[in-house]
Structure formats: structure tokens, C-alpha cells
Amino acid sequence: MILALRSGCKASKMRAMIVLGIETSCDETGLALYDSARGLIGQVLHSQIDLHTEFGGVVPELASRDHIRKIVPLARELLQSAALGPEDLNAVAYTAGPGLLGALLVGATFGRTLAWSLGVPAIGVHHMEAHLLAPLLGADAPELPFVALLVSGGHTQLMLVRAIGDYDMLGESRDDAAGEAFDKAAKMLELGYPGGPQIAAAAQQGNPGRFRFPRPMTDRPGLEFSFSGLKTFTLNTIQSHSPLTEQDRADIACAFEEAVVDTLTIKCRRALEQTGATALVMAGGVAANRKLRARLSRDLRARVHYAEPALCTDNGAMIAYAGALRLATGQREGLQIFTRARWPMTDLAPL
């Protein structure tokens, strides 16, 4: 699938360059071209959902092998769609972490090798920083500083963003991330994979008053998250009402989604009050949840910014953009292949 997207970036502040972005941190192979003078000029994305559905989650070895199969054909498709050749690239950005190590190595090896063969610089990009910066590609870009809620399959974090690269961790999940909790709840309910969209779809048919699930860690001060107890509560509810009818599944999905949305909203409100920030950025795969978007916009006394739906899940566009910002400051990678399965965002250098 090729997507043509608008960009509201401040391109005039960067030396004109065309950057190829490569994302292979998990189960989606995404490539994109970002022109610092014209903005995002296109992207291609291959999802592995069908590959992993029968397992109810991502199988790392299968993910890595599928990235190997898809990355070269997708690169060719992307360049052809933009009427460009490899010689038109000025730099290559690739996801260096965090993520599945084998999957990361596919994109990093391809990207670094391509950059070396073309004689252009390469930059390894932090996956979650790219998610955080994705809303800046839109026309309604937030002003710094702001609070960021990063919600994905592997991360649930609240950050204070003073500047690009200048981040303070306000709170994060002690166990399952929100996206993981959605996946596990959907698997228990036999709704399919990925869990977020399946839970949301089932919840639309649910009775919101039938069940009330706990809002974890909201009855105490602080900005930490925990979703493992909510997962256990969901399992106990399922077992106590088995065998489930379709209405049971919808009602439980509705209660689960409400609990996650309420928890995230309460924590965001606290973070804004604690920091005095007047803007909230939400990024990551769970940021596409419509109920969460509506609740945050309704209940918070702050302006809420989101990435475009096509930029919420893993994609090459956010990698190309984040890479372009760091390349513009002179950051470069050496010839080594640099990947990290775990990588605290607070370790990044400010721009």
C-alpha cells in the first residue's frame, strides 16, 4: 500500500535532503521517503498480521524472515512510485531500537549497507522517539514543551518533552503495556489479533453498565501504570461467565476498553497538572483508539494532538522524519551495525 501524506514540518530549518526511512522493529515492514524541502513524499507498508494471527501474537523468528523477504521489493516499489532512483537519496534512517533484535537487524543491516554503497550518511533512530515526533508531521503540530503519552504494544509511557531529545520520564508501565493488555484480552475473548481493533469493534456492541473493571493504580498518587491486574480480572470474569455468548464477549470488551481509557485519561490529567504543560501529544498504535481520543479531548484542559491514523502504527515515515531532524544537526552512524532491543529514550542526546 502506498500512501501520499502531507507534512507540516518546519523544512526551512533543515538543509534540503531526501531521506529513506526504514522501520522493522516488530511485525510491520515500513519504508518512506521524506524530503526536508517538500515534506513526506510517500511510503509503503507491509503488515504481518495474517502471518501471526494464528499464534495470537508476534513470533519473532517469523517476523525477521518476513522482513528479509519484503524489504528489497518494498524499497524498489517506493522509489518507483516517487520516480526516484537510489542515487537521489541523500541519507538513510533506520530503526535501531527498541524492538525485536532479529527484526531490527534486518532493517539496520539493509539501511546501513545501502547508505555505505551510495556514499551517504546513515542514522539509527529510536523507535519511540519517532512515534513521539510523528504528530509533528501534521498541520496541527504542538508547541514545545508538551506532555507525551506513548502507548503501543510494548510501551506505555508519560514523558515531559522540553525539546527534541530533551525528555523526562514521568511514568511508565511496571508490567504489561496497554497494547499488550489489549492483545491478551482479545486472545482470552477469542476475538483475534491484533487486539486493539478487535476489542474496540466488539465493545461497540457492548452494554457499558453490565461490568465495571478496575482502573489500576488510579487510587494512589503517581504516574506509573500497571495492566497485569486488569488482565487477570478480565480472565476471572471470562471464566465465571463461560461459556461466553457473543453478547458476553461484547460486554466484557466494552468494560475492558473503558477501564484502559479511564486509566490513561486520569494519568494524563495528573501529568498535565504536575508539569503545568498545556498540550498533550498521544502517539503509538493505541493512539488510534477512537474512544481514547474522544475521552482525552473531552476531559482534559489541554490541547490534544495526534498523529494521522496512518502514522499511529509502526511506519517508515516517522523514522525518515526523526532521522532527518538528527541528520540535520550533523549526527551520523559509523560503519558498525547498531541495534538495541532495549533503549531508554532518556539516553538520547538533545538536538
# chains A, B, ... in the order shown; residues from 1 in each chain; ligands from 1
$ residues_around --residues "segment 163-173 of chain A" --least-positions-apart "2" --cutoff "7 Å" --atoms "only C-alpha atoms" --output "PDB file with N, CA, C and O atoms, in the first residue's frame"
ATOM      1  N   LEU A 144       6.289  23.270  21.819  1.00  0.00           N
ATOM      2  CA  LEU A 144       7.057  22.796  22.963  1.00  0.00           C
ATOM      3  C   LEU A 144       6.989  23.797  24.097  1.00  0.00           C
ATOM      4  O   LEU A 144       6.880  25.004  23.855  1.00  0.00           O
ATOM      5  N   PRO A 145       7.061  23.331  25.360  1.00  0.00           N
ATOM      6  CA  PRO A 145       7.102  21.929  25.803  1.00  0.00           C
ATOM      7  C   PRO A 145       5.701  21.319  25.843  1.00  0.00           C
ATOM      8  O   PRO A 145       4.697  22.040  25.875  1.00  0.00           O
ATOM      9  N   THR A 156       4.029   1.846  27.462  1.00  0.00           N
ATOM     10  CA  THR A 156       3.069   2.834  27.937  1.00  0.00           C
ATOM     11  C   THR A 156       3.864   3.790  28.813  1.00  0.00           C
ATOM     12  O   THR A 156       4.320   3.414  29.895  1.00  0.00           O
ATOM     13  N   GLN A 157       4.062   5.012  28.323  1.00  0.00           N
ATOM     14  CA  GLN A 157       4.933   5.969  28.985  1.00  0.00           C
ATOM     15  C   GLN A 157       4.337   7.363  28.929  1.00  0.00           C
ATOM     16  O   GLN A 157       3.683   7.734  27.955  1.00  0.00           O
ATOM     17  N   LEU A 158       4.583   8.124  29.990  1.00  0.00           N
ATOM     18  CA  LEU A 158       4.290   9.552  30.005  1.00  0.00           C
ATOM     19  C   LEU A 158       5.625  10.289  30.079  1.00  0.00           C
ATOM     20  O   LEU A 158       6.438  10.024  30.968  1.00  0.00           O
ATOM     21  N   MET A 159       5.840  11.197  29.123  1.00  0.00           N
ATOM     22  CA  MET A 159       7.096  11.928  29.044  1.00  0.00           C
ATOM     23  C   MET A 159       6.815  13.430  29.055  1.00  0.00           C
ATOM     24  O   MET A 159       5.825  13.886  28.491  1.00  0.00           O
ATOM     25  N   LEU A 160       7.711  14.174  29.690  1.00  0.00           N
ATOM     26  CA  LEU A 160       7.721  15.619  29.521  1.00  0.00           C
ATOM     27  C   LEU A 160       8.736  15.932  28.432  1.00  0.00           C
ATOM     28  O   LEU A 160       9.914  15.587  28.553  1.00  0.00           O
ATOM     29  N   VAL A 161       8.286  16.557  27.366  1.00  0.00           N
ATOM     30  CA  VAL A 161       9.144  16.875  26.225  1.00  0.00           C
ATOM     31  C   VAL A 161       9.448  18.373  26.258  1.00  0.00           C
ATOM     32  O   VAL A 161       8.597  19.197  25.935  1.00  0.00           O
ATOM     33  N   ASP A 175       4.553  -3.399  34.157  1.00  0.00           N
ATOM     34  CA  ASP A 175       4.416  -4.754  33.615  1.00  0.00           C
ATOM     35  C   ASP A 175       3.932  -4.659  32.172  1.00  0.00           C
ATOM     36  O   ASP A 175       4.642  -4.123  31.334  1.00  0.00           O
ATOM     37  N   ASP A 176       2.738  -5.157  31.896  1.00  0.00           N
ATOM     38  CA  ASP A 176       2.225  -5.113  30.530  1.00  0.00           C
ATOM     39  C   ASP A 176       1.978  -3.681  30.076  1.00  0.00           C
ATOM     40  O   ASP A 176       1.476  -2.853  30.837  1.00  0.00           O
ATOM     41  N   ALA A 177       2.310  -3.396  28.826  1.00  0.00           N
ATOM     42  CA  ALA A 177       1.910  -2.141  28.213  1.00  0.00           C
ATOM     43  C   ALA A 177       0.427  -2.227  27.841  1.00  0.00           C
ATOM     44  O   ALA A 177      -0.159  -3.313  27.791  1.00  0.00           O
ATOM     45  N   LEU A 223       2.340   8.512  38.572  1.00  0.00           N
ATOM     46  CA  LEU A 223       2.067   8.417  37.141  1.00  0.00           C
ATOM     47  C   LEU A 223       2.493   7.074  36.546  1.00  0.00           C
ATOM     48  O   LEU A 223       2.623   6.940  35.341  1.00  0.00           O
ATOM     49  N   GLU A 224       2.704   6.080  37.399  1.00  0.00           N
ATOM     50  CA  GLU A 224       3.044   4.748  36.916  1.00  0.00           C
ATOM     51  C   GLU A 224       1.782   4.017  36.442  1.00  0.00           C
ATOM     52  O   GLU A 224       0.669   4.334  36.846  1.00  0.00           O
ATOM     53  N   PHE A 225       1.998   3.028  35.595  1.00  0.00           N
ATOM     54  CA  PHE A 225       0.906   2.214  35.060  1.00  0.00           C
ATOM     55  C   PHE A 225       1.132   0.747  35.419  1.00  0.00           C
ATOM     56  O   PHE A 225       2.270   0.306  35.613  1.00  0.00           O
ATOM     57  N   SER A 226       0.040  -0.011  35.464  1.00  0.00           N
ATOM     58  CA  SER A 226       0.113  -1.461  35.597  1.00  0.00           C
ATOM     59  C   SER A 226      -1.163  -2.034  35.010  1.00  0.00           C
ATOM     60  O   SER A 226      -2.264  -1.646  35.404  1.00  0.00           O
ATOM     61  N   THR A 346      15.411   8.411  27.443  1.00  0.00           N
ATOM     62  CA  THR A 346      16.107   9.476  28.169  1.00  0.00           C
ATOM     63  C   THR A 346      17.618   9.436  27.920  1.00  0.00           C
ATOM     64  O   THR A 346      18.337  10.355  28.333  1.00  0.00           O
ATOM     65  N   LEU A 348      18.881   9.576  24.942  1.00  0.00           N
ATOM     66  CA  LEU A 348      19.125  10.273  23.685  1.00  0.00           C
ATOM     67  C   LEU A 348      19.722  11.650  23.927  1.00  0.00           C
ATOM     68  O   LEU A 348      19.429  12.314  24.929  1.00  0.00           O
ATOM     69  N   ALA A 349      20.524  12.080  22.966  1.00  0.00           N
ATOM     70  CA  ALA A 349      21.124  13.421  23.044  1.00  0.00           C
ATOM     71  C   ALA A 349      20.118  14.450  22.544  1.00  0.00           C
ATOM     72  O   ALA A 349      19.425  14.224  21.546  1.00  0.00           O
ATOM     73  N   PRO A 350      20.015  15.606  23.220  1.00  0.00           N
ATOM     74  CA  PRO A 350      19.099  16.659  22.734  1.00  0.00           C
ATOM     75  C   PRO A 350      19.630  17.281  21.458  1.00  0.00           C
ATOM     76  O   PRO A 350      20.826  17.328  21.215  1.00  0.00           O
ATOM     77  N   LEU A 351      18.716  17.773  20.632  1.00  0.00           N
ATOM     78  CA  LEU A 351      19.112  18.463  19.412  1.00  0.00           C
ATOM     79  C   LEU A 351      19.491  19.911  19.727  1.00  0.00           C
ATOM     80  O   LEU A 351      18.928  20.524  20.607  1.00  0.00           O
TER      81      LEU A 351
END
$ residues_around --residues "Gly99 of chain A" --least-positions-apart "6" --cutoff "8 Å" --atoms "only C-alpha atoms" --output "count of residues only"
6
$ closest_atom_pairs --of "segment 78-190 of chain A" --to "segment 320-331 of chain A" --cutoff "8 Å" --atoms "only C-alpha atoms" --output "Markdown table"
| residue | atom | partner | partner_atom | distance |
| --- | --- | --- | --- | --- |
| A:Val92 | CA | A:Ala320 | CA | 7.7 |
| A:Ala93 | CA | A:Gly323 | CA | 5.2 |
| A:Tyr94 | CA | A:Ala320 | CA | 7.6 |
| A:Ile123 | CA | A:Gly323 | CA | 6.2 |
| A:Gly124 | CA | A:Gly323 | CA | 7.4 |
| A:Val125 | CA | A:Gly323 | CA | 6.0 |
| A:Glu129 | CA | A:Ala322 | CA | 7.4 |
| A:Ala130 | CA | A:Ala322 | CA | 5.4 |
| A:Leu133 | CA | A:Ala322 | CA | 6.7 |
| A:Ala134 | CA | A:Tyr321 | CA | 7.8 |
| A:Leu137 | CA | A:Tyr321 | CA | 7.8 |
$ write_last_selection --atoms "C-alpha atoms" --output "compact mmCIF listing (two decimals), in the first residue's frame"
# COMPACT_ATOMS: atom_id res chain seq x y z
CA VAL A 92 19.17 6.61 5.14
CA ALA A 93 17.45 6.37 8.54
CA TYR A 94 16.56 3.04 10.13
CA ILE A 123 21.40 7.33 11.23
CA GLY A 124 19.88 4.86 13.68
CA VAL A 125 16.55 6.13 15.02
CA GLU A 129 11.13 9.00 19.68
CA ALA A 130 9.90 8.55 16.12
CA LEU A 133 7.59 13.09 16.72
CA ALA A 134 5.04 11.67 14.26
CA LEU A 137 4.34 15.80 10.52
$ atom_distance --atom1 "atom CA of Gly206 of chain A" --atom2 "atom CA of Pro243 of chain A"
17.0 Å
$ select_by_dssp --residues "segment 23-257 of chain A" --states "strand (DSSP E)" --output "ChimeraX atom specification"
/A:23,28-35,39-47,91-97,122-126,146-151,156-163,166-172
$ residues_around --residues "Gly276 of chain A" --least-positions-apart "6" --cutoff "10 Å" --atoms "only C-alpha atoms" --output "PyMOL selection string"
chain A and resi 145-147+270
$ residues_around --residues "segment 104-111 of chain A" --least-positions-apart "4" --cutoff "7 Å" --atoms "only C-alpha atoms" --output "list in words"
Ile22, Glu23, Thr24, Ser25, Ser64, His67, Ile68, Val92, Ala93, Tyr94, Thr95, Ala96, Gly97, Gly99, Leu100, Ala115, Ile337 and Thr339 of chain A
$ residues_around --residues "Pro216 of chain A" --least-positions-apart "5" --cutoff "10 Å" --atoms "only C-alpha atoms" --output "PyMOL selection string"
chain A and resi 224-230+259-260+262-264
$ write_last_selection --atoms "C-alpha atoms" --output "PDB file, in the first residue's frame"
ATOM      1  CA  GLU A 224       3.044   4.748  36.916  1.00  0.00           C
ATOM      2  CA  PHE A 225       0.906   2.214  35.060  1.00  0.00           C
ATOM      3  CA  SER A 226       0.113  -1.461  35.597  1.00  0.00           C
ATOM      4  CA  PHE A 227      -2.182  -3.535  33.418  1.00  0.00           C
ATOM      5  CA  SER A 228      -1.401  -7.082  34.572  1.00  0.00           C
ATOM      6  CA  GLY A 229      -4.068  -6.959  37.298  1.00  0.00           C
ATOM      7  CA  LEU A 230      -6.646  -5.776  34.775  1.00  0.00           C
ATOM      8  CA  ALA A 259     -11.033   0.672  32.103  1.00  0.00           C
ATOM      9  CA  VAL A 260      -7.960   1.276  29.929  1.00  0.00           C
ATOM     10  CA  ASP A 262     -10.224   5.854  32.009  1.00  0.00           C
ATOM     11  CA  THR A 263      -6.830   4.869  33.423  1.00  0.00           C
ATOM     12  CA  LEU A 264      -4.906   6.602  30.658  1.00  0.00           C
TER      13      LEU A 264
END
$ closest_residue --among "A:Leu31, A:Ala186, A:Ala302, A:Cys268" --to "Ala250 of chain A" --atoms "only C-alpha atoms"
A:Ala186
$ select_by_dssp --residues "segment 63-185 of chain A" --states "helix (DSSP H, G or I)" --output "count of residues only"
59
$ closest_residue --among "A:Asp299, A:Asp88, A:Asp347, A:Glu257" --to "Asp35 of chain A" --atoms "only C-alpha atoms"
A:Asp88
$ atom_distance --atom1 "atom CA of Asn315 of chain A" --atom2 "atom CA of Ile49 of chain A"
14.3 Å
$ atom_distance --atom1 "atom CA of Thr29 of chain A" --atom2 "atom CA of His46 of chain A"
5.1 Å
$ residues_around --residues "Val58 of chain A" --least-positions-apart "4" --cutoff "10 Å" --atoms "only C-alpha atoms" --output "ChimeraX atom specification"
/A:26-27,48-49,51-54,62-63,100,193-194
$ closest_residue --among "A:Arg249, A:His155, A:Arg174, A:Lys267" --to "Pro221 of chain A" --atoms "only C-alpha atoms"
A:Lys267
$ residues_around --residues "Ala203 of chain A" --least-positions-apart "3" --cutoff "8 Å" --atoms "only C-alpha atoms" --output "ChimeraX atom specification"
/A:199-200,206,250-255,257
$ write_last_selection --atoms "all heavy atoms" --output "short mmCIF file (atom, residue, chain, number, x, y, z; two decimals), in the first residue's frame"
data_model
loop_
_atom_site.label_atom_id
_atom_site.label_comp_id
_atom_site.auth_asym_id
_atom_site.auth_seq_id
_atom_site.Cartn_x
_atom_site.Cartn_y
_atom_site.Cartn_z
N ILE A 199 -10.90 -5.52 20.10
CA ILE A 199 -11.61 -5.13 21.32
C ILE A 199 -12.52 -3.94 21.04
O ILE A 199 -13.68 -3.90 21.47
CB ILE A 199 -10.61 -4.79 22.44
CG1 ILE A 199 -9.90 -6.05 22.94
CG2 ILE A 199 -11.30 -4.07 23.60
CD1 ILE A 199 -10.71 -6.94 23.83
N ALA A 200 -12.00 -2.95 20.33
CA ALA A 200 -12.78 -1.74 20.04
C ALA A 200 -14.03 -2.07 19.23
O ALA A 200 -15.12 -1.52 19.49
CB ALA A 200 -11.92 -0.71 19.31
N GLY A 206 -21.30 -3.61 23.05
CA GLY A 206 -21.40 -3.97 24.45
C GLY A 206 -22.29 -3.06 25.27
O GLY A 206 -22.53 -1.91 24.91
N ALA A 250 -18.93 -9.03 23.96
CA ALA A 250 -19.04 -7.59 23.70
C ALA A 250 -19.06 -6.79 24.99
O ALA A 250 -18.43 -5.74 25.10
CB ALA A 250 -20.30 -7.31 22.87
N ASP A 251 -19.80 -7.29 25.99
CA ASP A 251 -19.89 -6.57 27.26
C ASP A 251 -18.55 -6.54 27.99
O ASP A 251 -18.17 -5.52 28.59
CB ASP A 251 -20.96 -7.22 28.15
CG ASP A 251 -22.36 -7.06 27.60
OD1 ASP A 251 -22.55 -6.23 26.70
OD2 ASP A 251 -23.26 -7.79 28.06
N ILE A 252 -17.82 -7.65 27.96
CA ILE A 252 -16.51 -7.70 28.62
C ILE A 252 -15.52 -6.81 27.87
O ILE A 252 -14.73 -6.09 28.48
CB ILE A 252 -16.01 -9.16 28.70
CG1 ILE A 252 -16.89 -9.95 29.66
CG2 ILE A 252 -14.55 -9.21 29.16
CD1 ILE A 252 -16.62 -11.45 29.65
N ALA A 253 -15.56 -6.85 26.54
CA ALA A 253 -14.68 -5.98 25.75
C ALA A 253 -14.96 -4.51 26.05
O ALA A 253 -14.03 -3.70 26.17
CB ALA A 253 -14.87 -6.26 24.26
N CYS A 254 -16.23 -4.17 26.19
CA CYS A 254 -16.62 -2.80 26.50
C CYS A 254 -16.06 -2.36 27.85
O CYS A 254 -15.50 -1.27 27.99
CB CYS A 254 -18.13 -2.67 26.47
SG CYS A 254 -18.75 -1.00 26.78
N ALA A 255 -16.22 -3.23 28.86
CA ALA A 255 -15.73 -2.90 30.20
C ALA A 255 -14.20 -2.79 30.22
O ALA A 255 -13.63 -1.93 30.89
CB ALA A 255 -16.19 -3.97 31.19
N GLU A 257 -12.17 -2.01 27.64
CA GLU A 257 -11.75 -0.79 26.94
C GLU A 257 -12.00 0.44 27.80
O GLU A 257 -11.15 1.35 27.88
CB GLU A 257 -12.50 -0.66 25.61
CG GLU A 257 -12.03 0.53 24.77
CD GLU A 257 -12.82 0.67 23.48
OE1 GLU A 257 -14.07 0.53 23.53
OE2 GLU A 257 -12.21 0.93 22.44
#
$ decode --residues "segment 253-312 of chain A" --atoms "C-alpha atoms" --output "PDB file, in the first residue's frame"
ATOM      1  CA  ALA A 253     -14.682  -5.978  25.748  1.00  0.00           C
ATOM      2  CA  CYS A 254     -16.616  -2.796  26.496  1.00  0.00           C
ATOM      3  CA  ALA A 255     -15.727  -2.904  30.197  1.00  0.00           C
ATOM      4  CA  PHE A 256     -12.074  -3.633  29.425  1.00  0.00           C
ATOM      5  CA  GLU A 257     -11.751  -0.790  26.937  1.00  0.00           C
ATOM      6  CA  GLU A 258     -13.453   1.637  29.338  1.00  0.00           C
ATOM      7  CA  ALA A 259     -11.033   0.672  32.103  1.00  0.00           C
ATOM      8  CA  VAL A 260      -7.960   1.276  29.929  1.00  0.00           C
ATOM      9  CA  VAL A 261      -9.301   4.548  28.546  1.00  0.00           C
ATOM     10  CA  ASP A 262     -10.224   5.854  32.009  1.00  0.00           C
ATOM     11  CA  THR A 263      -6.830   4.869  33.423  1.00  0.00           C
ATOM     12  CA  LEU A 264      -4.906   6.602  30.658  1.00  0.00           C
ATOM     13  CA  THR A 265      -7.081   9.714  30.903  1.00  0.00           C
ATOM     14  CA  ILE A 266      -6.638  10.007  34.675  1.00  0.00           C
ATOM     15  CA  LYS A 267      -2.861   9.660  34.388  1.00  0.00           C
ATOM     16  CA  CYS A 268      -2.657  12.213  31.574  1.00  0.00           C
ATOM     17  CA  ARG A 269      -4.636  14.717  33.626  1.00  0.00           C
ATOM     18  CA  ARG A 270      -2.231  14.232  36.535  1.00  0.00           C
ATOM     19  CA  ALA A 271       0.798  14.663  34.276  1.00  0.00           C
ATOM     20  CA  LEU A 272      -0.521  17.926  32.872  1.00  0.00           C
ATOM     21  CA  GLU A 273      -1.285  19.247  36.351  1.00  0.00           C
ATOM     22  CA  GLN A 274       2.122  18.178  37.644  1.00  0.00           C
ATOM     23  CA  THR A 275       4.106  19.766  34.820  1.00  0.00           C
ATOM     24  CA  GLY A 276       1.923  22.769  34.033  1.00  0.00           C
ATOM     25  CA  ALA A 277       2.020  21.841  30.339  1.00  0.00           C
ATOM     26  CA  THR A 278      -0.891  22.980  28.193  1.00  0.00           C
ATOM     27  CA  ALA A 279      -0.537  20.442  25.369  1.00  0.00           C
ATOM     28  CA  LEU A 280      -0.664  16.648  25.216  1.00  0.00           C
ATOM     29  CA  VAL A 281       0.694  14.554  22.368  1.00  0.00           C
ATOM     30  CA  MET A 282      -0.536  10.975  22.044  1.00  0.00           C
ATOM     31  CA  ALA A 283       1.399   8.585  19.817  1.00  0.00           C
ATOM     32  CA  GLY A 284       1.765   4.860  19.195  1.00  0.00           C
ATOM     33  CA  GLY A 285      -0.589   2.173  17.970  1.00  0.00           C
ATOM     34  CA  VAL A 286      -3.138   2.565  20.784  1.00  0.00           C
ATOM     35  CA  ALA A 287      -3.371   6.273  19.866  1.00  0.00           C
ATOM     36  CA  ALA A 288      -5.655   5.187  17.025  1.00  0.00           C
ATOM     37  CA  ASN A 289      -8.344   4.119  19.525  1.00  0.00           C
ATOM     38  CA  ARG A 290     -11.312   6.399  18.889  1.00  0.00           C
ATOM     39  CA  LYS A 291     -12.746   6.180  22.391  1.00  0.00           C
ATOM     40  CA  LEU A 292      -9.409   7.199  23.910  1.00  0.00           C
ATOM     41  CA  ARG A 293      -9.067  10.137  21.527  1.00  0.00           C
ATOM     42  CA  ALA A 294     -12.570  11.337  22.308  1.00  0.00           C
ATOM     43  CA  ARG A 295     -12.131  10.989  26.070  1.00  0.00           C
ATOM     44  CA  LEU A 296      -8.834  12.867  26.180  1.00  0.00           C
ATOM     45  CA  SER A 297     -10.176  15.678  24.008  1.00  0.00           C
ATOM     46  CA  ARG A 298     -13.311  15.955  26.134  1.00  0.00           C
ATOM     47  CA  ASP A 299     -11.922  15.602  29.639  1.00  0.00           C
ATOM     48  CA  LEU A 300      -8.541  17.328  29.585  1.00  0.00           C
ATOM     49  CA  ARG A 301      -7.995  21.051  29.917  1.00  0.00           C
ATOM     50  CA  ALA A 302      -5.286  20.946  27.311  1.00  0.00           C
ATOM     51  CA  ARG A 303      -4.934  20.837  23.583  1.00  0.00           C
ATOM     52  CA  VAL A 304      -4.563  17.215  22.462  1.00  0.00           C
ATOM     53  CA  HIS A 305      -2.514  16.366  19.369  1.00  0.00           C
ATOM     54  CA  TYR A 306      -2.418  13.067  17.489  1.00  0.00           C
ATOM     55  CA  ALA A 307      -0.573  11.659  14.534  1.00  0.00           C
ATOM     56  CA  GLU A 308      -2.610  10.949  11.428  1.00  0.00           C
ATOM     57  CA  PRO A 309      -4.108   7.435  11.633  1.00  0.00           C
ATOM     58  CA  ALA A 310      -1.626   6.103   9.056  1.00  0.00           C
ATOM     59  CA  LEU A 311       1.231   7.297  11.290  1.00  0.00           C
ATOM     60  CA  CYS A 312      -0.013   5.822  14.583  1.00  0.00           C
TER      61      CYS A 312
END
